[in-house]
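Chemist: What follows is a single structure, and I will ask about it in a moment.
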Amino acid sequence: MFVVIAGGGRTATQLATLLIGQDHKICLVEHRPEVLARLHRELPTEAIVEGIPTDPHILEQAGIAVADVMAAMLTEDAENLALCYLARTRYKVPRIIGRINDPRNAWLFDEKFHVDVALNHAQVLASLIEEEMSLGDMMTLLKLRRGQYSLVEEKILPEARMVGMEIKDLGLPEHCIITAVIRHGDMVLPRGTTVLEAGDEILAVTDLEGMHRLNYLFAPRSGGK
């Protein structure tokens, strides 16, 4: 995967470092001398293009025309929005990520400006806090569809409400599906008549409503109605 990153701030640098570590090709565009000095100490020289990230000629030098992903990580929301729009309409970049600096501008980062993923740090932190407060020991392994769905995992304790229940009787909402049951180290294909046992590890794809239902079922029988 080839990723063009516009902006050389700390978040953008860390993103570049992680992608390089995963064997992806990246090109980071930055023009501030003091930031470039740091970048050349932290990233391979061939991964850096010096120039103004909003300049189409500089973007073309960075390879925007063949990029799989463009991440707009500048410090001004207006510049990030302009970059997202340009990347899709002029260069047909398939996947576009836009960083939101001011949460009050979050409503602008949508399909109108061709933003596929809006990176809103305030919203991410709020969501993480909400999940930690409400989901007990359930672990979120992966976010899907911009966070609308999650792949979650949790082990069934002996006192959990769901022990001895068949999957079809769990009362799971429409957008909550148990995808696998790990029992004694082996995978059990979940069916409606599968009876859940203490010690089973449950993998599920679910929305927020389903998470709350699962959390209730994983909780001790004495912990609620």
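How things are named: the first chain in the structure tokens is A, the next is B, and so on; residues count from 1 in each chain; ligands count from 1 in the order shown.
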I'd like the neighbourhood of A:Thr45 as a list in words, where a residue qualifies if any of its atoms comes within 10 Å (using only C-alpha atoms), though same-chain residues fewer than 4 positions away should be ignored.
Modeler: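 Contacts, with the query itself left out: Cys27, Leu28, Leu39, His40, Arg41 and Val49 of chain A.
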Chemist: Could you produce a table of the residues of stretch 14-71 of chain A lying within 9 Å of stretch 94-99 of chain A, with the nearest pair of atoms per residue and their separation in Å rounded to one decimal, using only C-alpha atoms, ordered by chain and increasing residue number, as a Markdown table?
Modeler:
```
| residue | atom | partner | partner_atom | distance |
| --- | --- | --- | --- | --- |
| A:Ala67 | CA | A:Pro94 | CA | 7.9 |
| A:Asp68 | CA | A:Pro94 | CA | 5.8 |
| A:Val69 | CA | A:Arg95 | CA | 4.7 |
| A:Met70 | CA | A:Ile96 | CA | 5.0 |
| A:Ala71 | CA | A:Ile97 | CA | 4.6 |
```
Chemist: What is the distance, in Å and to one decimal place, between atom CA of A:Leu208 and atom CA of A:Ala106?
Modeler: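 It comes out at 21.1 Å.
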Chemist: Taking only stretch 27-222 of chain A into account, list the residues labelled strand (DSSP E or B) by DSSP (computed from the backbone), as an MDAnalysis selection string.
Modeler: chainID A and resid 27:30 48:50 69:72 95:100 117:120 139:144 149:155 160 166 176:183 186:188 195 201:206 220
Chemist: List the spatial neighbours of A:Ile58 as a list of chain:residue names - criterion: any atom at most 12 Å away, only C-alpha atoms, same-chain residues fewer than 2 positions off excluded.
Modeler: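 Surrounding residues, per the criterion: A:Val4, A:Ala6, A:Cys27, A:Leu28, A:Val29, A:Glu30, A:His31, A:Ile48, A:Val49, A:Glu50, A:Gly51, A:Ile52, A:Pro53, A:Thr54, A:Asp55, A:Pro56, A:Glu60, A:Gln61, A:Ala62, A:Gly63, A:Ile64, A:Ala65.
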Chemist: For C-alpha atoms, I'd like the residues from the last selection saved as a compact mmCIF listing (two decimals), in the first residue's frame.
Modeler:
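Listing of part_15.txt after writing:
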```txt
# COMPACT_ATOMS: atom_id res chain seq x y z
CA VAL A 4 0.87 10.03 0.94
CA ALA A 6 0.47 15.74 4.07
CA CYS A 27 5.74 9.69 1.24
CA LEU A 28 5.44 12.53 3.74
CA VAL A 29 5.18 16.13 2.48
CA GLU A 30 6.37 19.01 4.67
CA HIS A 31 7.82 22.50 4.14
CA ILE A 48 10.22 12.82 2.61
CA VAL A 49 9.30 15.39 -0.04
CA GLU A 50 10.10 19.00 0.83
CA GLY A 51 7.46 21.49 -0.26
CA ILE A 52 4.09 23.01 0.54
CA PRO A 53 1.61 20.11 0.90
CA THR A 54 -1.25 22.00 -0.75
CA ASP A 55 0.80 22.68 -3.93
CA PRO A 56 -0.38 20.28 -6.70
CA GLU A 60 2.53 15.09 -7.86
CA GLN A 61 6.20 14.88 -6.97
CA ALA A 62 5.17 12.88 -3.90
CA GLY A 63 3.24 10.44 -6.10
CA ILE A 64 -0.31 11.44 -5.27
CA ALA A 65 -1.53 10.20 -8.66
```
Chemist: Which residues come within 9 Å of A:Arg213, counting only C-alpha atoms, excluding same-chain residues fewer than 6 positions away, as number ranges by chain?
Modeler: A: 170-173, 176
Chemist: Can I get the selection written as a CSV table (one decimal), in the first residue's frame, with C-alpha atoms?
Modeler:
```csv
chain,number,residue,atom,x,y,z
A,170,LEU,CA,-29.5,-14.7,24.1
A,171,GLY,CA,-31.8,-12.0,22.7
A,172,LEU,CA,-29.1,-10.4,20.6
A,173,PRO,CA,-30.1,-7.3,18.6
A,176,CYS,CA,-24.9,-8.3,16.8
```
Chemist: Write out as an MDAnalysis selection string the set of residues from chain A that DSSP, computed on the backbone, places in alpha helix (DSSP H).
Modeler: chainID A and resid 10:21 33:42 56:62 77:89 121:134 208:218
Chemist: Given only C-alpha atoms as the basis, pick out the residue of A:Phe218, A:Gln148, A:Leu141, A:Val195 nearest to A:Gly164.
Modeler: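 Looking at the shortest contact to A:Gly164, the residue is A:Val195.
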Chemist: What does the distance between atom CA of A:Arg38 and atom CA of A:His24 come to in Å, to one decimal place?
Modeler: 21.2 Å
Chemist: Residues at most 10 Å from A:Ala198, counting only C-alpha atoms, excluding those fewer than 2 positions away in the same chain, as a PyMOL selection string?
Modeler: chain A and resi 155-160+162-164+183+196+200-201
Chemist: Which one of A:Ile167, A:Met139, A:Val117, A:Leu151 sits closest to A:Leu189 if you count only C-alpha atoms?
Modeler: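 Using only C-alpha atoms, the shortest distance to A:Leu189 belongs to A:Ile167.
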Chemist: Which is closer to A:Ile178 than all the others in A:Glu76, A:Asp116, A:Asp23, A:Glu154, using only C-alpha atoms?
Modeler: A:Glu154
Chemist: Report, in Å with one decimal, the straight-line distance from atom CA of A:Leu15 to atom CA of A:Val3.
Modeler: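 That distance, rounded to one decimal, is 10.2 Å.
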Chemist: Between A:Gly210, A:Pro220, A:Pro33, A:Pro190, which is the closest to A:Glu174 once you count only C-alpha atoms?
Modeler: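 Looking only at the distances to A:Glu174, the closest residue turns out to be A:Gly210.
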Chemist: Identify which of the residues A:Leu74, A:Cys84, A:Ile182, A:Ala16 lies closest to A:Leu43, counting only C-alpha atoms when measuring atom-to-atom distances.
Modeler: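 So, comparing all the options, the nearest one is A:Ala16.
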